[in-house]
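J.: Contents of coords_6.cif (mmCIF, N, CA and C atoms):
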data_final
loop_
_atom_site.label_atom_id
_atom_site.label_comp_id
_atom_site.auth_asym_id
_atom_site.auth_seq_id
_atom_site.Cartn_x
_atom_site.Cartn_y
_atom_site.Cartn_z
N MET A 1 -10.07 19.91 4.72
CA MET A 1 -10.10 18.67 5.48
C MET A 1 -9.83 19.00 6.95
N PRO A 2 -10.65 18.55 7.87
CA PRO A 2 -10.50 18.93 9.26
C PRO A 2 -9.34 18.25 9.98
N HIS A 3 -8.79 17.19 9.43
CA HIS A 3 -7.72 16.45 10.09
C HIS A 3 -6.48 16.44 9.20
N ASP A 4 -5.32 16.60 9.81
CA ASP A 4 -4.07 16.52 9.07
C ASP A 4 -3.69 15.06 8.90
N VAL A 5 -3.48 14.67 7.67
CA VAL A 5 -3.10 13.30 7.36
C VAL A 5 -1.60 13.28 7.10
N ALA A 6 -0.90 12.39 7.76
CA ALA A 6 0.52 12.18 7.51
C ALA A 6 0.67 10.88 6.74
N ILE A 7 1.36 10.92 5.63
CA ILE A 7 1.68 9.71 4.86
C ILE A 7 3.13 9.38 5.17
N VAL A 8 3.36 8.21 5.77
CA VAL A 8 4.71 7.81 6.17
C VAL A 8 5.08 6.49 5.51
N SER A 9 6.34 6.35 5.18
CA SER A 9 6.83 5.08 4.65
C SER A 9 6.89 4.07 5.78
N ALA A 10 6.37 2.89 5.51
CA ALA A 10 6.34 1.83 6.52
C ALA A 10 7.75 1.31 6.79
N THR A 11 8.02 1.07 8.05
CA THR A 11 9.28 0.49 8.49
C THR A 11 8.98 -0.77 9.30
N ARG A 12 10.02 -1.42 9.72
CA ARG A 12 9.88 -2.64 10.53
C ARG A 12 9.00 -2.39 11.76
N SER A 13 9.12 -1.23 12.37
CA SER A 13 8.33 -0.93 13.57
C SER A 13 6.84 -0.80 13.28
N HIS A 14 6.48 -0.57 12.03
CA HIS A 14 5.07 -0.44 11.64
C HIS A 14 4.40 -1.78 11.31
N VAL A 15 5.16 -2.85 11.26
CA VAL A 15 4.61 -4.13 10.80
C VAL A 15 3.39 -4.59 11.61
N PRO A 16 3.38 -4.52 12.94
CA PRO A 16 2.16 -4.94 13.65
C PRO A 16 0.91 -4.17 13.21
N ALA A 17 1.04 -2.86 13.06
CA ALA A 17 -0.11 -2.06 12.61
C ALA A 17 -0.46 -2.39 11.17
N LEU A 18 0.55 -2.60 10.35
CA LEU A 18 0.30 -2.96 8.95
C LEU A 18 -0.40 -4.31 8.85
N MET A 19 0.02 -5.27 9.67
CA MET A 19 -0.63 -6.58 9.66
C MET A 19 -2.10 -6.46 10.06
N SER A 20 -2.39 -5.61 11.01
CA SER A 20 -3.77 -5.43 11.47
C SER A 20 -4.65 -4.84 10.38
N ILE A 21 -4.18 -3.80 9.72
CA ILE A 21 -5.01 -3.19 8.68
C ILE A 21 -5.08 -4.09 7.44
N CYS A 22 -4.04 -4.89 7.19
CA CYS A 22 -4.10 -5.87 6.09
C CYS A 22 -5.20 -6.90 6.33
N ALA A 23 -5.35 -7.33 7.57
CA ALA A 23 -6.42 -8.28 7.90
C ALA A 23 -7.79 -7.66 7.64
N GLU A 24 -7.94 -6.42 8.02
CA GLU A 24 -9.20 -5.70 7.77
C GLU A 24 -9.45 -5.56 6.27
N HIS A 25 -8.40 -5.22 5.54
CA HIS A 25 -8.51 -5.08 4.09
C HIS A 25 -8.89 -6.42 3.43
N ALA A 26 -8.25 -7.49 3.88
CA ALA A 26 -8.57 -8.82 3.33
C ALA A 26 -10.03 -9.17 3.57
N ALA A 27 -10.53 -8.88 4.75
CA ALA A 27 -11.95 -9.15 5.04
C ALA A 27 -12.84 -8.33 4.12
N PHE A 28 -12.49 -7.09 3.89
CA PHE A 28 -13.25 -6.22 2.98
C PHE A 28 -13.29 -6.81 1.58
N GLU A 29 -12.17 -7.36 1.12
CA GLU A 29 -12.08 -7.93 -0.23
C GLU A 29 -12.49 -9.40 -0.28
N ARG A 30 -12.96 -9.93 0.85
CA ARG A 30 -13.43 -11.31 0.94
C ARG A 30 -12.34 -12.32 0.63
N LEU A 31 -11.15 -12.05 1.15
CA LEU A 31 -10.00 -12.91 0.93
C LEU A 31 -9.60 -13.60 2.24
N PRO A 32 -9.10 -14.83 2.17
CA PRO A 32 -8.60 -15.47 3.38
C PRO A 32 -7.33 -14.75 3.83
N HIS A 33 -7.12 -14.68 5.14
CA HIS A 33 -5.94 -13.98 5.65
C HIS A 33 -5.57 -14.54 7.02
N ALA A 34 -4.30 -14.80 7.21
CA ALA A 34 -3.80 -15.27 8.51
C ALA A 34 -2.87 -14.18 9.05
N PRO A 35 -3.40 -13.22 9.82
CA PRO A 35 -2.61 -12.04 10.18
C PRO A 35 -1.37 -12.30 11.01
N ALA A 36 -1.34 -13.33 11.81
CA ALA A 36 -0.17 -13.55 12.66
C ALA A 36 0.95 -14.29 11.94
N VAL A 37 0.66 -14.79 10.76
CA VAL A 37 1.63 -15.59 10.03
C VAL A 37 2.49 -14.70 9.14
N ARG A 38 3.79 -14.93 9.17
CA ARG A 38 4.75 -14.33 8.26
C ARG A 38 4.99 -12.84 8.46
N ALA A 39 4.79 -12.33 9.67
CA ALA A 39 5.07 -10.92 9.94
C ALA A 39 6.54 -10.59 9.69
N GLU A 40 7.43 -11.50 10.06
CA GLU A 40 8.86 -11.26 9.86
C GLU A 40 9.21 -11.19 8.38
N VAL A 41 8.54 -11.99 7.57
CA VAL A 41 8.77 -11.94 6.12
C VAL A 41 8.36 -10.56 5.58
N LEU A 42 7.23 -10.05 6.06
CA LEU A 42 6.79 -8.72 5.66
C LEU A 42 7.81 -7.67 6.08
N ALA A 43 8.28 -7.76 7.30
CA ALA A 43 9.29 -6.81 7.80
C ALA A 43 10.55 -6.86 6.94
N ASP A 44 11.01 -8.06 6.61
CA ASP A 44 12.21 -8.20 5.79
C ASP A 44 11.99 -7.65 4.39
N ALA A 45 10.81 -7.82 3.84
CA ALA A 45 10.51 -7.32 2.49
C ALA A 45 10.59 -5.80 2.43
N LEU A 46 10.25 -5.14 3.52
CA LEU A 46 10.30 -3.68 3.57
C LEU A 46 11.73 -3.15 3.64
N HIS A 47 12.69 -4.02 4.02
CA HIS A 47 14.03 -3.53 4.31
C HIS A 47 15.12 -4.15 3.47
N GLY A 48 14.77 -4.78 2.36
CA GLY A 48 15.81 -5.31 1.48
C GLY A 48 16.54 -4.17 0.79
N SER A 49 17.54 -4.52 0.03
CA SER A 49 18.26 -3.51 -0.74
C SER A 49 18.41 -3.98 -2.17
N PRO A 50 17.52 -3.61 -3.07
CA PRO A 50 16.37 -2.73 -2.84
C PRO A 50 15.24 -3.48 -2.13
N PRO A 51 14.29 -2.74 -1.54
CA PRO A 51 13.16 -3.40 -0.87
C PRO A 51 12.33 -4.22 -1.86
N GLN A 52 11.82 -5.35 -1.39
CA GLN A 52 10.87 -6.12 -2.20
C GLN A 52 9.50 -5.46 -2.17
N LEU A 53 9.23 -4.69 -1.12
CA LEU A 53 7.93 -4.09 -0.91
C LEU A 53 8.10 -2.66 -0.42
N TYR A 54 7.31 -1.78 -1.03
CA TYR A 54 7.19 -0.41 -0.56
C TYR A 54 5.80 -0.30 0.05
N ALA A 55 5.69 0.36 1.19
CA ALA A 55 4.38 0.53 1.81
C ALA A 55 4.32 1.90 2.48
N TRP A 56 3.13 2.46 2.48
CA TRP A 56 2.88 3.77 3.06
C TRP A 56 1.67 3.68 3.97
N LEU A 57 1.74 4.38 5.09
CA LEU A 57 0.65 4.41 6.05
C LEU A 57 0.07 5.82 6.08
N ALA A 58 -1.24 5.90 6.12
CA ALA A 58 -1.93 7.17 6.30
C ALA A 58 -2.33 7.25 7.76
N CYS A 59 -1.82 8.25 8.45
CA CYS A 59 -2.07 8.39 9.89
C CYS A 59 -2.66 9.75 10.19
N ILE A 60 -3.59 9.76 11.11
CA ILE A 60 -4.11 11.00 11.67
C ILE A 60 -3.83 10.91 13.16
N GLY A 61 -2.89 11.72 13.60
CA GLY A 61 -2.41 11.56 14.97
C GLY A 61 -1.79 10.18 15.10
N GLU A 62 -2.21 9.44 16.10
CA GLU A 62 -1.72 8.07 16.32
C GLU A 62 -2.57 7.03 15.60
N ALA A 63 -3.66 7.46 14.96
CA ALA A 63 -4.58 6.51 14.31
C ALA A 63 -4.13 6.17 12.90
N LEU A 64 -4.03 4.88 12.62
CA LEU A 64 -3.76 4.39 11.27
C LEU A 64 -5.09 4.33 10.54
N VAL A 65 -5.23 5.10 9.47
CA VAL A 65 -6.53 5.19 8.77
C VAL A 65 -6.50 4.58 7.37
N GLY A 66 -5.31 4.24 6.86
CA GLY A 66 -5.23 3.64 5.54
C GLY A 66 -3.81 3.25 5.21
N TYR A 67 -3.65 2.55 4.12
CA TYR A 67 -2.31 2.16 3.66
C TYR A 67 -2.33 1.86 2.17
N ALA A 68 -1.15 1.87 1.61
CA ALA A 68 -0.94 1.43 0.23
C ALA A 68 0.36 0.65 0.20
N SER A 69 0.48 -0.26 -0.74
CA SER A 69 1.73 -1.00 -0.91
C SER A 69 1.96 -1.28 -2.38
N ALA A 70 3.23 -1.45 -2.73
CA ALA A 70 3.57 -1.66 -4.14
C ALA A 70 4.89 -2.42 -4.25
N THR A 71 5.05 -3.06 -5.38
CA THR A 71 6.29 -3.74 -5.72
C THR A 71 6.73 -3.31 -7.10
N GLN A 72 8.03 -3.33 -7.33
CA GLN A 72 8.55 -3.00 -8.65
C GLN A 72 8.62 -4.27 -9.49
N ASP A 73 8.23 -4.15 -10.75
CA ASP A 73 8.24 -5.30 -11.64
C ASP A 73 8.69 -4.86 -13.02
N PHE A 74 8.78 -5.81 -13.93
CA PHE A 74 9.24 -5.53 -15.29
C PHE A 74 8.20 -6.00 -16.29
N SER A 75 7.91 -5.17 -17.28
CA SER A 75 6.97 -5.51 -18.34
C SER A 75 7.73 -5.95 -19.58
N THR A 76 7.49 -7.18 -20.01
CA THR A 76 8.12 -7.67 -21.22
C THR A 76 7.65 -6.87 -22.43
N LEU A 77 6.36 -6.62 -22.52
CA LEU A 77 5.82 -5.89 -23.68
C LEU A 77 6.31 -4.46 -23.75
N ASP A 78 6.39 -3.79 -22.60
CA ASP A 78 6.85 -2.40 -22.58
C ASP A 78 8.37 -2.29 -22.49
N ARG A 79 9.02 -3.41 -22.13
CA ARG A 79 10.47 -3.43 -21.97
C ARG A 79 10.92 -2.34 -20.99
N ASN A 80 10.19 -2.28 -19.88
CA ASN A 80 10.49 -1.26 -18.89
C ASN A 80 9.94 -1.69 -17.53
N THR A 81 10.41 -1.05 -16.48
CA THR A 81 9.90 -1.34 -15.15
C THR A 81 8.59 -0.59 -14.91
N TYR A 82 7.81 -1.15 -14.02
CA TYR A 82 6.60 -0.48 -13.55
C TYR A 82 6.43 -0.77 -12.07
N LEU A 83 5.62 0.02 -11.42
CA LEU A 83 5.29 -0.21 -10.03
C LEU A 83 3.90 -0.83 -9.99
N HIS A 84 3.81 -1.99 -9.39
CA HIS A 84 2.51 -2.66 -9.23
C HIS A 84 1.98 -2.29 -7.85
N MET A 85 0.89 -1.52 -7.82
CA MET A 85 0.27 -1.20 -6.54
C MET A 85 -0.55 -2.40 -6.13
N ASP A 86 -0.09 -3.06 -5.09
CA ASP A 86 -0.74 -4.27 -4.61
C ASP A 86 -1.99 -3.93 -3.81
N CYS A 87 -1.89 -2.93 -2.96
CA CYS A 87 -3.01 -2.59 -2.06
C CYS A 87 -3.16 -1.08 -1.94
N LEU A 88 -4.40 -0.66 -1.85
CA LEU A 88 -4.74 0.69 -1.41
C LEU A 88 -6.04 0.54 -0.64
N TYR A 89 -6.01 0.90 0.63
CA TYR A 89 -7.17 0.70 1.49
C TYR A 89 -7.26 1.83 2.48
N VAL A 90 -8.47 2.35 2.64
CA VAL A 90 -8.77 3.38 3.64
C VAL A 90 -9.92 2.85 4.49
N ARG A 91 -9.75 2.92 5.79
CA ARG A 91 -10.80 2.45 6.71
C ARG A 91 -12.10 3.20 6.44
N ALA A 92 -13.21 2.48 6.58
CA ALA A 92 -14.53 2.99 6.20
C ALA A 92 -14.83 4.36 6.81
N ALA A 93 -14.53 4.57 8.06
CA ALA A 93 -14.85 5.84 8.72
C ALA A 93 -14.07 7.03 8.16
N TRP A 94 -13.02 6.75 7.39
CA TRP A 94 -12.16 7.82 6.89
C TRP A 94 -12.22 7.99 5.38
N ARG A 95 -13.13 7.29 4.72
CA ARG A 95 -13.25 7.41 3.26
C ARG A 95 -13.88 8.75 2.88
N ASN A 96 -13.70 9.10 1.62
CA ASN A 96 -14.24 10.35 1.06
C ASN A 96 -13.63 11.60 1.69
N ARG A 97 -12.36 11.50 2.07
CA ARG A 97 -11.63 12.63 2.63
C ARG A 97 -10.29 12.84 1.91
N ALA A 98 -10.17 12.28 0.73
CA ALA A 98 -8.97 12.41 -0.11
C ALA A 98 -7.75 11.68 0.46
N ILE A 99 -7.95 10.79 1.40
CA ILE A 99 -6.83 10.02 1.96
C ILE A 99 -6.30 9.04 0.93
N GLY A 100 -7.20 8.39 0.21
CA GLY A 100 -6.77 7.48 -0.86
C GLY A 100 -5.95 8.21 -1.92
N GLN A 101 -6.34 9.43 -2.24
CA GLN A 101 -5.59 10.23 -3.22
C GLN A 101 -4.19 10.53 -2.71
N GLN A 102 -4.06 10.80 -1.42
CA GLN A 102 -2.74 11.07 -0.86
C GLN A 102 -1.86 9.81 -0.88
N LEU A 103 -2.46 8.66 -0.61
CA LEU A 103 -1.71 7.40 -0.71
C LEU A 103 -1.30 7.14 -2.16
N TRP A 104 -2.22 7.37 -3.08
CA TRP A 104 -1.94 7.20 -4.51
C TRP A 104 -0.78 8.10 -4.92
N ASN A 105 -0.76 9.33 -4.44
CA ASN A 105 0.33 10.25 -4.76
C ASN A 105 1.67 9.73 -4.25
N ALA A 106 1.67 9.09 -3.08
CA ALA A 106 2.91 8.50 -2.55
C ALA A 106 3.41 7.40 -3.48
N VAL A 107 2.48 6.59 -3.98
CA VAL A 107 2.85 5.52 -4.92
C VAL A 107 3.42 6.13 -6.20
N LEU A 108 2.75 7.16 -6.73
CA LEU A 108 3.25 7.81 -7.95
C LEU A 108 4.63 8.43 -7.73
N ASP A 109 4.83 9.05 -6.59
CA ASP A 109 6.14 9.63 -6.29
C ASP A 109 7.22 8.55 -6.27
N GLN A 110 6.90 7.38 -5.69
CA GLN A 110 7.87 6.28 -5.65
C GLN A 110 8.16 5.78 -7.06
N ALA A 111 7.14 5.64 -7.88
CA ALA A 111 7.33 5.19 -9.26
C ALA A 111 8.24 6.16 -10.01
N THR A 112 8.02 7.43 -9.81
CA THR A 112 8.85 8.44 -10.46
C THR A 112 10.30 8.34 -9.97
N SER A 113 10.48 8.19 -8.67
CA SER A 113 11.84 8.14 -8.12
C SER A 113 12.59 6.89 -8.59
N LEU A 114 11.87 5.82 -8.87
CA LEU A 114 12.49 4.58 -9.36
C LEU A 114 12.67 4.58 -10.87
N GLY A 115 12.12 5.58 -11.55
CA GLY A 115 12.21 5.64 -13.01
C GLY A 115 11.26 4.69 -13.70
N CYS A 116 10.18 4.32 -13.05
CA CYS A 116 9.21 3.39 -13.64
C CYS A 116 8.42 4.07 -14.76
N ALA A 117 8.05 3.28 -15.76
CA ALA A 117 7.29 3.80 -16.88
C ALA A 117 5.80 3.93 -16.57
N ALA A 118 5.32 3.18 -15.57
CA ALA A 118 3.89 3.18 -15.29
C ALA A 118 3.63 2.66 -13.88
N VAL A 119 2.40 2.82 -13.46
CA VAL A 119 1.89 2.18 -12.26
C VAL A 119 0.71 1.34 -12.69
N GLN A 120 0.66 0.09 -12.22
CA GLN A 120 -0.46 -0.80 -12.54
C GLN A 120 -1.16 -1.18 -11.24
N TRP A 121 -2.47 -1.42 -11.36
CA TRP A 121 -3.28 -1.78 -10.20
C TRP A 121 -4.53 -2.50 -10.67
N GLN A 122 -4.84 -3.60 -10.03
CA GLN A 122 -6.11 -4.31 -10.29
C GLN A 122 -6.93 -4.28 -9.02
N THR A 123 -8.24 -4.12 -9.19
CA THR A 123 -9.14 -4.12 -8.05
C THR A 123 -10.24 -5.16 -8.28
N PRO A 124 -10.93 -5.57 -7.22
CA PRO A 124 -12.04 -6.49 -7.41
C PRO A 124 -13.11 -5.86 -8.32
N SER A 125 -13.76 -6.67 -9.11
CA SER A 125 -14.77 -6.14 -10.04
C SER A 125 -15.98 -5.58 -9.32
N TRP A 126 -16.20 -6.02 -8.10
CA TRP A 126 -17.36 -5.53 -7.38
C TRP A 126 -17.07 -4.23 -6.70
#
Could you take the file, read its structure, and then write that structure out as structure tokens?

T.:
Amino acid sequence: MPHDVAIVSATRSHVPALMSICAEHAAFERLPHAPAVRAEVLADALHGSPPQLYAWLACIGEALVGYASATQDFSTLDRNTYLHMDCLYVRAAWRNRAIGQQLWNAVLDQATSLGCAAVQWQTPSW
């Protein structure tokens, strides 16, 4: 891969960039999105104890090229916790460079560190 990708855990300072790429992701998935609304709620979710939201940014230099986010939940049927990956998105110009795989690995590492039994993810059928 010609570019070094850094996967970083999102913090409060990353919220403006995260909101921007979320808007792009929502447009890609054909979902309504109000990017300026509730940024503080997103910031607070990243910093609870424990956090309500885990998020990772894929960066090449100063450029944000992708992100993933997840929440911890509980499965009644499995009687165990799991990590629900809410989002995984890589900007079109950066796809097919294993960036999504690196974000996925960050999610798996978090699931392992939390002792989750599984990771779940749903994507649009199209």

J.: Enter the distance from atom N of Glu29 in chain A to atom N of Ala118 in chain A, in Å, rounded to one decimal.

T.: 26.4 Å

J.: Give me the result of the PyMOL selection byres ((chain A and resi 89) around 5) on this file, residue by residue, as a PyMOL selection string.

T.: chain A and resi 66-67+87-88+90-91

J.: Quick one: everything within 7 Å of range 56-58 of chain A, counting all atoms listed in the file, minus sequence neighbours fewer than 6 positions away in the same chain. Send it as an MDAnalysis selection string.

T.: chainID A and resid 5:10 64:70 103

J.: From range 3-92 of chain A, collect each residue whose DSSP state is strand (DSSP E) and return the set as an MDAnalysis selection string.

T.: chainID A and resid 6:9 54:60 63:75 80:90

J.: Name the residues that the PyMOL selection byres (((chain A and resi 42 and name CA) around 12) and name CA) pulls out of this structure, and write them as a ChimeraX atom specification.

T.: /A:10-19,22,35-41,43-48,51-55,69

J.: Could you check how far atom C of Ser20 in chain A sits from CA of Tyr82 in chain A, in Å to one decimal?

T.: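 These two atoms are separated by 26.8 Å.
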
J.: Work out how far atom C of Ala26 in chain A is from atom N of Gln102 in chain A, in Å to one decimal.

T.: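 Distance reported for this atom pair: 21.4 Å.
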
J.: Nearest residue to Asp86 in chain A out of A:Gln120, A:Thr112, A:Ser49, A:Ser125, using all atoms listed in the file?

T.: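 Result for the nearest residue to Asp86 in chain A: A:Gln120.
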
J.: My list of candidates is A:Leu31, A:Glu24, A:Gly115, A:Pro124. Which is closest to Thr81 in chain A when distances are computed with only C-alpha atoms?

T.: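 Ranking A:Leu31, A:Glu24, A:Gly115, A:Pro124 by distance to Thr81 in chain A, first place goes to A:Gly115.
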
J.: Give me, as a PyMOL selection string, the residues of range 25-117 of chain A that a backbone DSSP run labels helix (DSSP H, G or I).

T.: chain A and resi 25-28+39-46+92-94+99-114

J.: Please return the centre and edge lengths, in Å to one decimal, of a box with edges along x, y and z that contains all listed atoms of range 55-66 of chain A, widened by 6 Å on every side, as lines of an AutoDock Vina configuration file.

T.:
center_x = -0.4
center_y = 6.0
center_z = 8.8
size_x = 24.2
size_y = 23.4
size_z = 27.1
